[in-house]
file model.tsv (TSV, C-alpha atoms)
chain	number	residue	atom	x	y	z
A	456	MET	CA	-34.61	14.53	64.85
A	457	GLY	CA	-36.05	11.93	62.51
A	458	LYS	CA	-37.82	14.61	60.54
A	459	SER	CA	-34.59	16.58	60.21
A	460	LYS	CA	-32.78	13.56	58.88
A	461	ASN	CA	-35.51	12.88	56.35
A	462	THR	CA	-35.39	16.51	55.23
A	463	LYS	CA	-31.62	16.37	54.71
A	464	LYS	CA	-31.99	13.13	52.80
A	465	LYS	CA	-34.63	14.64	50.55
A	466	ASN	CA	-32.46	17.71	49.96
A	467	ARG	CA	-29.53	15.53	48.91
A	468	LEU	CA	-31.77	13.65	46.49
A	469	ILE	CA	-33.09	16.93	45.09
A	470	ILE	CA	-29.53	18.25	44.64
A	471	ARG	CA	-28.44	15.04	42.93
A	472	PHE	CA	-31.48	15.20	40.67
A	473	ILE	CA	-30.73	18.81	39.78
A	474	VAL	CA	-27.09	17.95	39.03
A	475	PHE	CA	-28.27	15.05	36.89
A	476	ILE	CA	-30.67	17.31	34.98
A	477	VAL	CA	-27.90	19.90	34.49
A	478	LEU	CA	-25.56	17.23	33.14
A	479	ILE	CA	-28.22	15.90	30.78
A	480	CYS	CA	-29.01	19.39	29.56
A	481	THR	CA	-25.32	20.15	29.09
A	482	PHE	CA	-24.93	16.95	27.09
A	483	PHE	CA	-27.83	17.72	24.79
A	484	ILE	CA	-26.86	21.36	24.40
A	485	SER	CA	-23.31	20.27	23.48
A	486	ALA	CA	-24.71	17.67	21.11
A	487	ALA	CA	-27.03	20.23	19.54
A	488	PHE	CA	-24.21	22.69	18.99
A	489	SER	CA	-21.99	19.93	17.63
A	490	TYR	CA	-24.70	18.72	15.28
A	491	ARG	CA	-25.39	22.28	14.15
A	492	TYR	CA	-21.67	22.75	13.49
A	493	VAL	CA	-21.64	19.55	11.46
A	494	LEU	CA	-24.65	20.60	9.38
A	495	GLU	CA	-23.26	24.06	8.75
A	496	ASN	CA	-19.87	22.71	7.67
A	497	GLN	CA	-20.93	19.51	5.96
A	498	ASP	CA	-20.27	20.72	2.42
A	499	ASP	CA	-18.07	23.67	3.28
A	500	ASN	CA	-14.59	23.84	1.73
A	501	LEU	CA	-14.42	20.11	0.97
A	502	ASP	CA	-13.23	20.78	-2.58
A	503	LYS	CA	-10.72	23.47	-1.67
A	504	PRO	CA	-6.97	22.76	-1.88
A	505	LEU	CA	-5.34	21.46	1.27
A	506	PRO	CA	-4.21	24.29	3.56
A	507	VAL	CA	-0.61	25.49	3.47
A	508	ILE	CA	0.91	25.12	6.92
A	509	PRO	CA	3.73	27.50	7.96
A	510	ALA	CA	7.00	25.71	8.67
A	511	SER	CA	7.02	26.95	12.26
A	512	LYS	CA	3.69	25.29	12.99
A	513	ARG	CA	4.15	22.01	11.16
A	514	ILE	CA	3.61	18.79	13.08
A	515	GLU	CA	4.38	15.33	11.69
A	516	PHE	CA	1.48	13.08	12.56
A	517	GLU	CA	1.90	9.36	11.94
A	518	THR	CA	-1.32	7.51	11.11
A	519	PRO	CA	-0.73	3.84	12.04
A	520	LYS	CA	-1.44	1.09	9.54
A	521	ASN	CA	-4.83	-0.60	9.92
A	522	ALA	CA	-5.90	1.88	12.64
A	523	THR	CA	-9.62	2.56	12.92
A	524	SER	CA	-11.00	6.08	12.64
A	525	ALA	CA	-11.73	6.08	16.37
A	526	GLN	CA	-8.15	5.04	17.18
A	527	ILE	CA	-6.77	7.79	14.93
A	528	ILE	CA	-9.03	10.39	16.55
A	529	ASP	CA	-7.98	9.24	20.02
A	530	LYS	CA	-4.33	9.55	18.95
A	531	LEU	CA	-5.00	13.11	17.75
A	532	ALA	CA	-6.38	13.93	21.20
A	533	GLU	CA	-3.49	12.22	23.02
A	534	GLU	CA	-0.97	14.30	21.06
A	535	GLY	CA	-2.86	17.50	21.80
A	536	ILE	CA	-3.93	18.16	18.22
A	537	ILE	CA	-7.66	18.22	19.01
A	538	THR	CA	-9.57	18.91	22.24
A	539	ASN	CA	-13.10	17.72	21.47
A	540	THR	CA	-13.08	14.09	20.39
A	541	PHE	CA	-16.87	13.86	20.56
A	542	MET	CA	-17.31	16.64	18.03
A	543	PHE	CA	-14.49	15.34	15.83
A	544	LYS	CA	-16.02	11.87	15.73
A	545	MET	CA	-19.45	13.27	14.86
A	546	ILE	CA	-18.07	15.40	12.03
A	547	SER	CA	-15.94	12.52	10.80
A	548	LYS	CA	-18.89	10.14	10.69
A	549	ILE	CA	-21.51	12.49	9.23
A	550	ASN	CA	-19.19	14.02	6.64
A	551	GLY	CA	-18.14	10.57	5.47
A	552	PHE	CA	-14.50	10.71	6.55
A	553	ASP	CA	-14.65	7.55	8.67
A	554	GLY	CA	-12.64	4.81	6.99
A	555	THR	CA	-10.88	7.21	4.60
A	556	TYR	CA	-7.89	8.14	6.74
A	557	LYS	CA	-4.65	6.96	5.10
A	558	SER	CA	-1.74	5.45	6.96
A	559	GLY	CA	1.58	7.24	6.80
A	560	THR	CA	3.02	10.61	7.72
A	561	HIS	CA	0.85	13.72	7.42
A	562	ILE	CA	1.86	17.33	8.01
A	563	ILE	CA	-0.75	19.01	10.21
A	564	SER	CA	-1.09	21.85	12.74
A	565	LYS	CA	-2.95	22.50	15.95
A	566	ASP	CA	-4.39	25.62	14.32
A	567	LEU	CA	-6.34	23.72	11.68
A	568	ASP	CA	-10.11	23.39	11.88
A	569	TYR	CA	-11.48	19.87	12.05
A	570	ASP	CA	-12.58	19.74	8.43
A	571	SER	CA	-9.07	20.66	7.25
A	572	LEU	CA	-7.55	18.04	9.54
A	573	MET	CA	-9.87	15.38	8.15
A	574	ARG	CA	-9.12	16.34	4.56
A	575	ILE	CA	-5.37	16.16	5.20
A	576	LEU	CA	-5.59	12.80	6.97
A	577	SER	CA	-7.70	11.46	4.08
A	578	SER	CA	-5.16	12.61	1.49
A	579	ASP	CA	-1.97	10.84	0.48
A	580	PRO	CA	0.76	10.89	3.14
A	581	VAL	CA	3.92	12.96	2.77
A	582	THR	CA	6.17	11.32	0.19
A	583	SER	CA	9.58	11.76	-1.35
A	584	LYS	CA	10.23	11.16	-5.06
A	585	VAL	CA	13.59	9.53	-5.72
A	586	MET	CA	15.21	8.66	-9.03
A	587	ILE	CA	17.80	5.86	-8.84
A	588	PRO	CA	19.86	5.89	-12.06
A	589	GLU	CA	20.76	2.71	-13.92
A	590	GLY	CA	24.26	1.59	-13.05
A	591	TYR	CA	24.28	2.91	-9.48
A	592	THR	CA	26.13	0.68	-7.03
A	593	PHE	CA	24.65	-0.40	-3.70
A	594	ASN	CA	26.71	2.27	-1.93
A	595	GLN	CA	25.52	4.96	-4.33
A	596	VAL	CA	21.89	3.94	-3.80
A	597	ALA	CA	22.37	4.13	-0.02
A	598	GLU	CA	24.03	7.54	-0.36
A	599	LYS	CA	21.20	8.86	-2.54
A	600	LEU	CA	18.49	7.65	-0.16
A	601	SER	CA	20.42	9.04	2.80
A	602	LYS	CA	20.72	12.48	1.20
A	603	ASP	CA	16.97	12.45	0.67
A	604	LYS	CA	16.63	11.65	4.39
A	605	LEU	CA	14.84	8.37	3.76
A	606	VAL	CA	17.39	6.02	5.33
A	607	ASP	CA	20.38	5.85	7.59
A	608	LYS	CA	23.27	4.54	5.48
A	609	ALA	CA	24.71	2.23	8.12
A	610	LYS	CA	21.30	0.82	9.00
A	611	PHE	CA	20.44	0.44	5.30
A	612	ALA	CA	23.56	-1.68	4.76
A	613	SER	CA	22.85	-3.75	7.87
A	614	VAL	CA	19.19	-4.35	6.97
A	615	ALA	CA	20.15	-5.29	3.41
A	616	SER	CA	22.72	-7.82	4.62
A	617	ASN	CA	20.96	-9.32	7.62
A	618	GLU	CA	17.22	-9.27	6.96
A	619	LYS	CA	15.44	-11.97	4.95
A	620	TYR	CA	13.64	-11.17	1.71
A	621	ASP	CA	11.22	-13.60	0.14
A	622	PHE	CA	11.97	-13.42	-3.58
A	623	LYS	CA	12.71	-16.30	-5.93
A	624	PHE	CA	15.67	-14.57	-7.58
A	625	LEU	CA	17.50	-14.27	-4.23
A	626	LYS	CA	17.32	-17.93	-3.21
A	627	ASP	CA	20.62	-19.09	-4.76
A	628	ILE	CA	22.77	-16.02	-4.13
A	629	PRO	CA	26.08	-16.99	-2.50
A	630	LYS	CA	27.27	-15.25	0.64
A	631	ARG	CA	29.03	-11.96	-0.06
A	632	GLU	CA	29.45	-8.56	1.53
A	633	LYS	CA	26.78	-6.77	-0.50
A	634	LYS	CA	24.34	-9.57	-1.21
A	635	LEU	CA	21.72	-7.24	-2.74
A	636	GLU	CA	24.16	-5.51	-5.12
A	637	GLY	CA	22.54	-5.80	-8.54
A	638	TYR	CA	18.99	-6.30	-7.28
A	639	LEU	CA	17.95	-2.83	-6.07
A	640	PHE	CA	16.25	-2.05	-9.34
A	641	PRO	CA	17.00	1.44	-10.72
A	642	ASP	CA	13.78	3.40	-11.23
A	643	THR	CA	11.84	6.44	-10.04
A	644	TYR	CA	10.16	5.72	-6.72
A	645	ILE	CA	7.76	7.58	-4.47
A	646	PHE	CA	8.37	6.61	-0.85
A	647	ASP	CA	6.51	7.56	2.30
A	648	VAL	CA	9.06	9.61	4.25
A	649	LYS	CA	8.65	7.21	7.18
A	650	SER	CA	8.89	4.01	5.12
A	651	GLY	CA	12.07	2.78	6.78
A	652	GLU	CA	15.01	0.83	5.41
A	653	LYS	CA	13.40	-2.59	5.02
A	654	ALA	CA	10.23	-1.29	3.35
A	655	ILE	CA	12.31	0.67	0.82
A	656	ILE	CA	14.52	-2.34	0.08
A	657	ASN	CA	11.45	-4.55	-0.30
A	658	ARG	CA	9.93	-2.06	-2.72
A	659	MET	CA	13.06	-2.02	-4.91
A	660	LEU	CA	13.31	-5.81	-4.86
A	661	ALA	CA	9.63	-6.07	-5.75
A	662	ARG	CA	10.29	-3.82	-8.74
A	663	PHE	CA	13.13	-6.12	-9.82
A	664	ASP	CA	10.71	-9.03	-9.50
A	665	GLU	CA	8.28	-7.25	-11.83
A	666	ILE	CA	10.99	-6.64	-14.42
A	667	PHE	CA	12.59	-10.08	-14.25
A	668	LYS	CA	9.77	-11.95	-15.97
A	669	PRO	CA	9.12	-15.70	-15.53
A	670	GLU	CA	10.49	-16.41	-19.03
A	671	TYR	CA	13.79	-14.80	-18.05
A	672	TYR	CA	14.44	-17.73	-15.70
A	673	ASP	CA	14.04	-20.09	-18.66
A	674	LYS	CA	16.37	-17.98	-20.80
A	675	ALA	CA	19.02	-18.02	-18.07
A	676	LYS	CA	18.75	-21.81	-17.78
A	677	ALA	CA	19.05	-22.21	-21.55
A	678	LEU	CA	22.27	-20.18	-21.45
A	679	GLY	CA	23.61	-22.42	-18.68
A	680	LEU	CA	23.65	-19.56	-16.17
A	681	THR	CA	22.07	-18.90	-12.80
A	682	VAL	CA	20.00	-15.76	-12.33
A	683	ASP	CA	22.83	-14.31	-10.25
A	684	GLN	CA	25.34	-14.92	-13.05
A	685	VAL	CA	23.00	-13.19	-15.49
A	686	ILE	CA	22.79	-10.15	-13.21
A	687	ILE	CA	26.56	-10.11	-12.72
A	688	LEU	CA	26.99	-10.05	-16.49
A	689	ALA	CA	24.20	-7.48	-16.91
A	690	SER	CA	25.89	-5.22	-14.37
A	691	ILE	CA	29.15	-5.29	-16.33
A	692	ILE	CA	27.28	-4.57	-19.56
A	693	GLU	CA	25.52	-1.67	-17.83
A	694	ARG	CA	28.81	-0.07	-16.83
A	695	GLU	CA	30.53	-0.75	-20.17
A	696	ALA	CA	27.78	0.25	-22.62
A	697	LYS	CA	26.55	3.76	-23.20
A	698	GLU	CA	24.57	3.11	-26.39
A	699	TYR	CA	21.54	0.80	-26.38
A	700	GLU	CA	22.52	-0.68	-29.75
A	701	GLU	CA	25.86	-1.92	-28.39
A	702	ARG	CA	24.61	-3.75	-25.31
A	703	ARG	CA	23.96	-7.07	-27.04
A	704	LEU	CA	27.26	-6.80	-28.94
A	705	ILE	CA	29.16	-6.32	-25.68
A	706	SER	CA	27.17	-9.17	-24.16
A	707	GLY	CA	28.20	-11.36	-27.11
A	708	VAL	CA	31.88	-10.52	-26.53
A	709	PHE	CA	31.69	-11.61	-22.90
A	710	TYR	CA	29.84	-14.83	-23.80
A	711	ASN	CA	32.46	-15.65	-26.42
A	712	ARG	CA	35.15	-15.22	-23.77
A	713	LEU	CA	33.30	-17.24	-21.14
A	714	LYS	CA	32.82	-20.14	-23.57
A	715	SER	CA	36.27	-19.94	-25.18
A	716	LYS	CA	38.85	-22.70	-24.68
A	717	ASN	CA	41.62	-20.25	-25.45
A	718	PRO	CA	43.35	-19.35	-22.14
A	719	THR	CA	43.97	-15.76	-23.31
A	720	HIS	CA	40.21	-15.21	-23.65
A	721	LYS	CA	39.15	-16.64	-20.30
A	722	LYS	CA	39.63	-13.33	-18.55
A	723	LEU	CA	36.87	-10.83	-19.33
A	724	GLN	CA	39.29	-7.90	-18.97
A	725	SER	CA	36.50	-5.43	-18.21
A	726	CYS	CA	37.59	-1.94	-17.20
A	727	ALA	CA	34.23	-1.57	-15.45
A	728	THR	CA	35.25	-4.15	-12.85
A	729	ILE	CA	38.43	-2.18	-12.10
A	730	GLN	CA	36.40	0.99	-11.68
A	731	TYR	CA	34.13	-0.87	-9.24
A	732	ILE	CA	37.16	-1.81	-7.14
A	733	LEU	CA	38.39	1.80	-7.17
A	734	LEU	CA	34.93	3.11	-6.29
A	735	ASN	CA	34.67	0.77	-3.30
A	736	ASN	CA	38.22	1.50	-2.13
A	737	THR	CA	38.41	5.25	-2.73
A	738	GLY	CA	34.84	6.41	-3.36
A	739	GLN	CA	35.81	7.59	-6.85
A	740	VAL	CA	36.33	6.29	-10.38
A	741	LYS	CA	39.07	7.39	-12.76
A	742	ALA	CA	38.58	9.23	-16.03
A	743	LYS	CA	41.18	6.87	-17.50
A	744	LEU	CA	42.71	3.75	-16.02
A	745	THR	CA	46.42	2.98	-15.89
A	746	ASP	CA	48.09	-0.34	-16.59
A	747	GLU	CA	48.92	-0.43	-12.87
A	748	ASP	CA	45.19	-0.34	-12.02
A	749	THR	CA	44.66	-3.64	-13.83
A	750	LYS	CA	47.09	-5.33	-11.43
A	751	ILE	CA	45.11	-4.59	-8.25
A	752	ASN	CA	44.79	-7.85	-6.35
A	753	ASP	CA	41.04	-8.10	-5.89
A	754	PRO	CA	38.60	-10.92	-6.76
A	755	TYR	CA	36.59	-8.42	-8.84
A	756	ASN	CA	39.62	-7.76	-11.07
A	757	THR	CA	38.72	-9.49	-14.34
A	758	TYR	CA	42.20	-8.72	-15.70
A	759	LEU	CA	43.65	-11.07	-13.08
A	760	TYR	CA	40.89	-13.63	-12.57
A	761	GLU	CA	39.05	-15.74	-15.11
A	762	GLY	CA	35.30	-15.76	-15.59
A	763	LEU	CA	32.71	-13.64	-13.86
A	764	PRO	CA	33.51	-11.65	-10.71
A	765	PRO	CA	32.01	-12.82	-7.36
A	766	GLY	CA	28.98	-10.52	-7.65
A	767	PRO	CA	27.35	-7.71	-9.64
A	768	ILE	CA	29.24	-4.42	-9.88
A	769	CYS	CA	26.12	-2.24	-10.02
A	770	ASN	CA	22.34	-2.37	-10.29
A	771	PRO	CA	21.59	-2.86	-14.00
A	772	GLY	CA	18.52	-1.62	-15.85
A	773	LYS	CA	16.13	-3.66	-17.96
A	774	ASP	CA	18.02	-3.15	-21.25
A	775	SER	CA	21.24	-4.56	-19.81
A	776	ILE	CA	19.43	-7.51	-18.22
A	777	GLU	CA	17.81	-8.34	-21.55
A	778	ALA	CA	21.17	-7.94	-23.32
A	779	ALA	CA	22.70	-10.44	-20.87
A	780	LEU	CA	19.90	-12.88	-21.68
A	781	GLU	CA	20.02	-12.26	-25.44
A	782	PRO	CA	23.67	-11.83	-26.54
A	783	GLU	CA	24.35	-11.08	-30.18
A	784	THR	CA	26.18	-13.86	-32.01
A	785	THR	CA	29.48	-12.56	-33.44
A	786	ASP	CA	33.12	-13.60	-33.64
A	787	TYR	CA	34.23	-10.63	-31.55
A	788	TYR	CA	36.47	-11.16	-28.52
A	789	TYR	CA	37.54	-7.58	-27.91
A	790	PHE	CA	36.19	-4.04	-27.77
A	791	VAL	CA	37.71	-0.68	-26.94
A	792	SER	CA	36.07	2.65	-26.19
A	793	LYS	CA	36.35	5.28	-28.89
A	794	GLY	CA	35.90	8.00	-26.28
A	795	ASP	CA	32.52	9.14	-27.60
A	796	GLY	CA	30.38	6.53	-25.85
A	797	THR	CA	30.73	3.95	-28.62
A	798	HIS	CA	33.19	1.07	-29.07
A	799	GLU	CA	35.28	-0.56	-31.75
A	800	PHE	CA	34.92	-4.35	-31.81
A	801	SER	CA	37.62	-6.76	-32.92
A	802	SER	CA	37.89	-10.48	-33.59
A	803	THR	CA	41.65	-10.89	-33.23
A	804	LEU	CA	44.26	-9.65	-30.81
A	805	SER	CA	46.17	-7.80	-33.56
A	806	GLN	CA	43.00	-5.93	-34.55
A	807	HIS	CA	42.37	-5.06	-30.91
A	808	GLN	CA	45.93	-3.85	-30.37
A	809	ALA	CA	45.58	-1.58	-33.37
A	810	ALA	CA	42.32	-0.20	-31.92
A	811	VAL	CA	43.94	0.34	-28.53
A	812	LYS	CA	46.80	2.21	-30.19
A	813	LYS	CA	44.29	4.29	-32.13
A	814	TYR	CA	42.04	5.24	-29.19
A	815	GLY	CA	44.32	4.73	-26.20
A	816	LEU	CA	43.04	2.35	-23.54
A	817	PHE	CA	45.42	3.23	-20.68
A	818	ASN	CA	47.60	6.18	-19.71
call {"tool": "encode", "arguments": {"input": "model.tsv", "output": "structure tokens"}}
result
Amino acid sequence: MGKSKNTKKKNRLIIRFIVFIVLICTFFISAAFSYRYVLENQDDNLDKPLPVIPASKRIEFETPKNATSAQIIDKLAEEGIITNTFMFKMISKINGFDGTYKSGTHIISKDLDYDSLMRILSSDPVTSKVMIPEGYTFNQVAEKLSKDKLVDKAKFASVASNEKYDFKFLKDIPKREKKLEGYLFPDTYIFDVKSGEKAIINRMLARFDEIFKPEYYDKAKALGLTVDQVIILASIIEREAKEYEERRLISGVFYNRLKSKNPTHKKLQSCATIQYILLNNTGQVKAKLTDEDTKINDPYNTYLYEGLPPGPICNPGKDSIEAALEPETTDYYYFVSKGDGTHEFSSTLSQHQAAVKKYGLFN
């Protein structure tokens, strides 16, 4: 009996040893094949264009920020993109892809070979190019970004109003419905399609910060204005002026009115502010305003209320901001559109009335 037990024990040990040897052999055979694959593909197709993936097989893969190569590879396996993490990690390390994977959204497919996957993940993430025109309002910016499927309009408005943004130019802005109106700098942007509302807003504010140079703060102070007042004025200039050469002239007219002691000049009487009211209320502007439009009871109506409106009426470009900071010195208090993008400027009310009769201000 004892001998039988010893024999069984030895047999179990032999079986375990054989299993162990088989496992070791399997490991080394797998490693050998993997290494051979790596060597054979090390320089293969690395310079070729990225593969075109059919729409039906496209998968959006999000590479997390600050993720290590190993974490990214594990995520690929978890999402069923790859099946052999050992091989993928070997290829990634030997071919020099480790540490090159870029965060963001990448379009991939389960049908891609590992080299193609690595090249895609090492390339720039999927982006969307968006051009925000000068003079767009906050609502128009939100609409544009929404159409390009970069934001949700309601969430964009909420994030803009409720989140905190650490920029010097925003510190003294009074409370108002659209607190970032005027500060979403108009430019051409390239956004990661998964950026999100706050990241996009931060990017546009950062661009404003680049444009609004340190010396601009000194210029605003010398004019006796806050940064917000400068941007309010710049936004009106943006919507009034079509020609670059006229921006500083129009700025000078508004400064003359703001500084005037004559009660008839205290109101800026800017048609652009009326159009802003109409745009917010109806979603549209008018080709030509009526006298009735100038009587709309709204704090942004500069025909009814003296001085600057409560906030900017659009997001002005650099030229309008500089015009607000560098008004041209003239004796003009009036201007009227000629209908061709230019204006006629006047010093007296009688001159202005003659210009209005000539070009027709209202219907």
call {"tool": "atom_distance", "arguments": {"input": "model.tsv", "atom1": "CA of Asn756 in chain A", "atom2": "CA of Thr784 in chain A"}}
result
25.6 Å
call {"tool": "atom_distance", "arguments": {"input": "model.tsv", "atom1": "CA of Ala654 in chain A", "atom2": "CA of Ile528 in chain A"}}
result
26.1 Å
call {"tool": "residues_around", "arguments": {"input": "model.tsv", "residues": "range 719-723 of chain A", "least_positions_apart": "2", "cutoff": "12 Å", "atoms": "all atoms listed in the file", "output": "PyMOL selection string"}}
result
chain A and resi 688+691-692+695+705-717+725-729+749+755-764+787-790+802-804
call {"tool": "residues_near_point", "arguments": {"input": "model.tsv", "point": "(44.0, 6.2, -16.9)", "cutoff": "12 Å", "atoms": "only C-alpha atoms", "output": "PyMOL selection string"}}
result
chain A and resi 726+729-730+740-749+815-818
call {"tool": "write_last_selection", "arguments": {"input": "model.tsv", "atoms": "C-alpha atoms", "output": "PDB file, in the coordinates of the input"}}
result
ATOM      1  CA  CYS A 726      37.590  -1.940 -17.200  1.00  0.00           C
ATOM      2  CA  ILE A 729      38.430  -2.180 -12.100  1.00  0.00           C
ATOM      3  CA  GLN A 730      36.400   0.990 -11.680  1.00  0.00           C
ATOM      4  CA  VAL A 740      36.330   6.290 -10.380  1.00  0.00           C
ATOM      5  CA  LYS A 741      39.070   7.390 -12.760  1.00  0.00           C
ATOM      6  CA  ALA A 742      38.580   9.230 -16.030  1.00  0.00           C
ATOM      7  CA  LYS A 743      41.180   6.870 -17.500  1.00  0.00           C
ATOM      8  CA  LEU A 744      42.710   3.750 -16.020  1.00  0.00           C
ATOM      9  CA  THR A 745      46.420   2.980 -15.890  1.00  0.00           C
ATOM     10  CA  ASP A 746      48.090  -0.340 -16.590  1.00  0.00           C
ATOM     11  CA  GLU A 747      48.920  -0.430 -12.870  1.00  0.00           C
ATOM     12  CA  ASP A 748      45.190  -0.340 -12.020  1.00  0.00           C
ATOM     13  CA  THR A 749      44.660  -3.640 -13.830  1.00  0.00           C
ATOM     14  CA  GLY A 815      44.320   4.730 -26.200  1.00  0.00           C
ATOM     15  CA  LEU A 816      43.040   2.350 -23.540  1.00  0.00           C
ATOM     16  CA  PHE A 817      45.420   3.230 -20.680  1.00  0.00           C
ATOM     17  CA  ASN A 818      47.600   6.180 -19.710  1.00  0.00           C
TER      18      ASN A 818
END
call {"tool": "residues_around", "arguments": {"input": "model.tsv", "residues": "Ser583 in chain A", "least_positions_apart": "2", "cutoff": "12 Å", "atoms": "all atoms listed in the file", "output": "PyMOL selection string"}}
result
chain A and resi 560+579-581+585-586+600-606+643-650+655
call {"tool": "axis_aligned_box", "arguments": {"input": "model.tsv", "around": "range 521-530 of chain A", "padding_each_side": "6 Å", "output": "lines of an AutoDock Vina configuration file"}}
result
center_x = -8.0
center_y = 4.9
center_z = 15.0
size_x = 19.4
size_y = 23.0
size_z = 22.1
call {"tool": "atom_distance", "arguments": {"input": "model.tsv", "atom1": "CA of Asp795 in chain A", "atom2": "CA of Val596 in chain A"}}
result
26.6 Å
call {"tool": "residues_around", "arguments": {"input": "model.tsv", "residues": "Asn735 in chain A", "least_positions_apart": "6", "cutoff": "12 Å", "atoms": "all atoms listed in the file", "output": "PyMOL selection string"}}
result
chain A and resi 592-595+632-633+728-729+753+755+768-769
call {"tool": "residues_around", "arguments": {"input": "model.tsv", "residues": "range 549-557 of chain A", "least_positions_apart": "2", "cutoff": "7 Å", "atoms": "all atoms listed in the file", "output": "list in words"}}
result
Gln497, Thr518, Ser524, Met545, Ile546, Ser547, Gly559, Met573, Leu576, Ser577, Ser578, Asp579 and Pro580 of chain A
call {"tool": "residues_around", "arguments": {"input": "model.tsv", "residues": "Ile562 in chain A", "least_positions_apart": "4", "cutoff": "10 Å", "atoms": "all atoms listed in the file", "output": "ChimeraX atom specification"}}
result
/A:507-508,510,512-517,572,575-576,580-581
call {"tool": "closest_residue", "arguments": {"input": "model.tsv", "among": "A:Ser558, A:Thr582, A:Thr540, A:Ser775", "to": "Ala525 in chain A", "atoms": "all atoms listed in the file"}}
result
A:Thr540
call {"tool": "closest_residue", "arguments": {"input": "model.tsv", "among": "A:Thr797, A:Pro754, A:Glu700, A:His807", "to": "Asp774 in chain A", "atoms": "only C-alpha atoms"}}
result
A:Glu700
call {"tool": "decode", "arguments": {"input": "model.tsv", "residues": "range 721-737 of chain A", "atoms": "N, CA and C atoms", "output": "tab-separated table (two decimals), in the first residue's frame"}}
result
chain	number	residue	atom	x	y	z
A	721	LYS	N	-25.57	112.68	-24.66
A	721	LYS	CA	-25.27	111.63	-23.67
A	721	LYS	C	-25.70	110.23	-24.11
A	722	LYS	N	-26.68	110.19	-24.96
A	722	LYS	CA	-27.14	108.89	-25.47
A	722	LYS	C	-26.34	108.55	-26.73
A	723	LEU	N	-25.78	107.34	-26.76
A	723	LEU	CA	-24.94	106.95	-27.89
A	723	LEU	C	-25.73	106.79	-29.18
A	724	GLN	N	-27.01	106.45	-29.06
A	724	GLN	CA	-27.90	106.29	-30.21
A	724	GLN	C	-27.28	105.38	-31.29
A	725	SER	N	-26.87	104.22	-30.84
A	725	SER	CA	-26.27	103.23	-31.75
A	725	SER	C	-27.32	102.24	-32.23
A	726	CYS	N	-27.48	102.17	-33.56
A	726	CYS	CA	-28.42	101.20	-34.13
A	726	CYS	C	-28.00	99.78	-33.82
A	727	ALA	N	-26.70	99.57	-33.65
A	727	ALA	CA	-26.20	98.22	-33.37
A	727	ALA	C	-26.76	97.67	-32.06
A	728	THR	N	-26.99	98.55	-31.09
A	728	THR	CA	-27.54	98.08	-29.81
A	728	THR	C	-29.00	97.67	-29.97
A	729	ILE	N	-29.73	98.35	-30.87
A	729	ILE	CA	-31.12	97.97	-31.14
A	729	ILE	C	-31.16	96.60	-31.83
A	730	GLN	N	-30.26	96.41	-32.77
A	730	GLN	CA	-30.19	95.13	-33.47
A	730	GLN	C	-29.87	93.99	-32.51
A	731	TYR	N	-29.05	94.27	-31.51
A	731	TYR	CA	-28.71	93.26	-30.50
A	731	TYR	C	-29.96	92.85	-29.72
A	732	ILE	N	-30.76	93.84	-29.38
A	732	ILE	CA	-32.02	93.56	-28.66
A	732	ILE	C	-32.93	92.69	-29.52
A	733	LEU	N	-33.07	93.06	-30.79
A	733	LEU	CA	-33.92	92.31	-31.71
A	733	LEU	C	-33.40	90.88	-31.90
A	734	LEU	N	-32.07	90.75	-32.01
A	734	LEU	CA	-31.47	89.44	-32.21
A	734	LEU	C	-31.73	88.54	-31.01
A	735	ASN	N	-31.63	89.10	-29.81
A	735	ASN	CA	-31.89	88.31	-28.60
A	735	ASN	C	-33.36	87.96	-28.45
A	736	ASN	N	-34.24	88.88	-28.85
A	736	ASN	CA	-35.68	88.68	-28.67
A	736	ASN	C	-36.32	87.83	-29.77
A	737	THR	N	-35.82	87.98	-31.00
A	737	THR	CA	-36.46	87.31	-32.13
A	737	THR	C	-35.55	86.35	-32.88
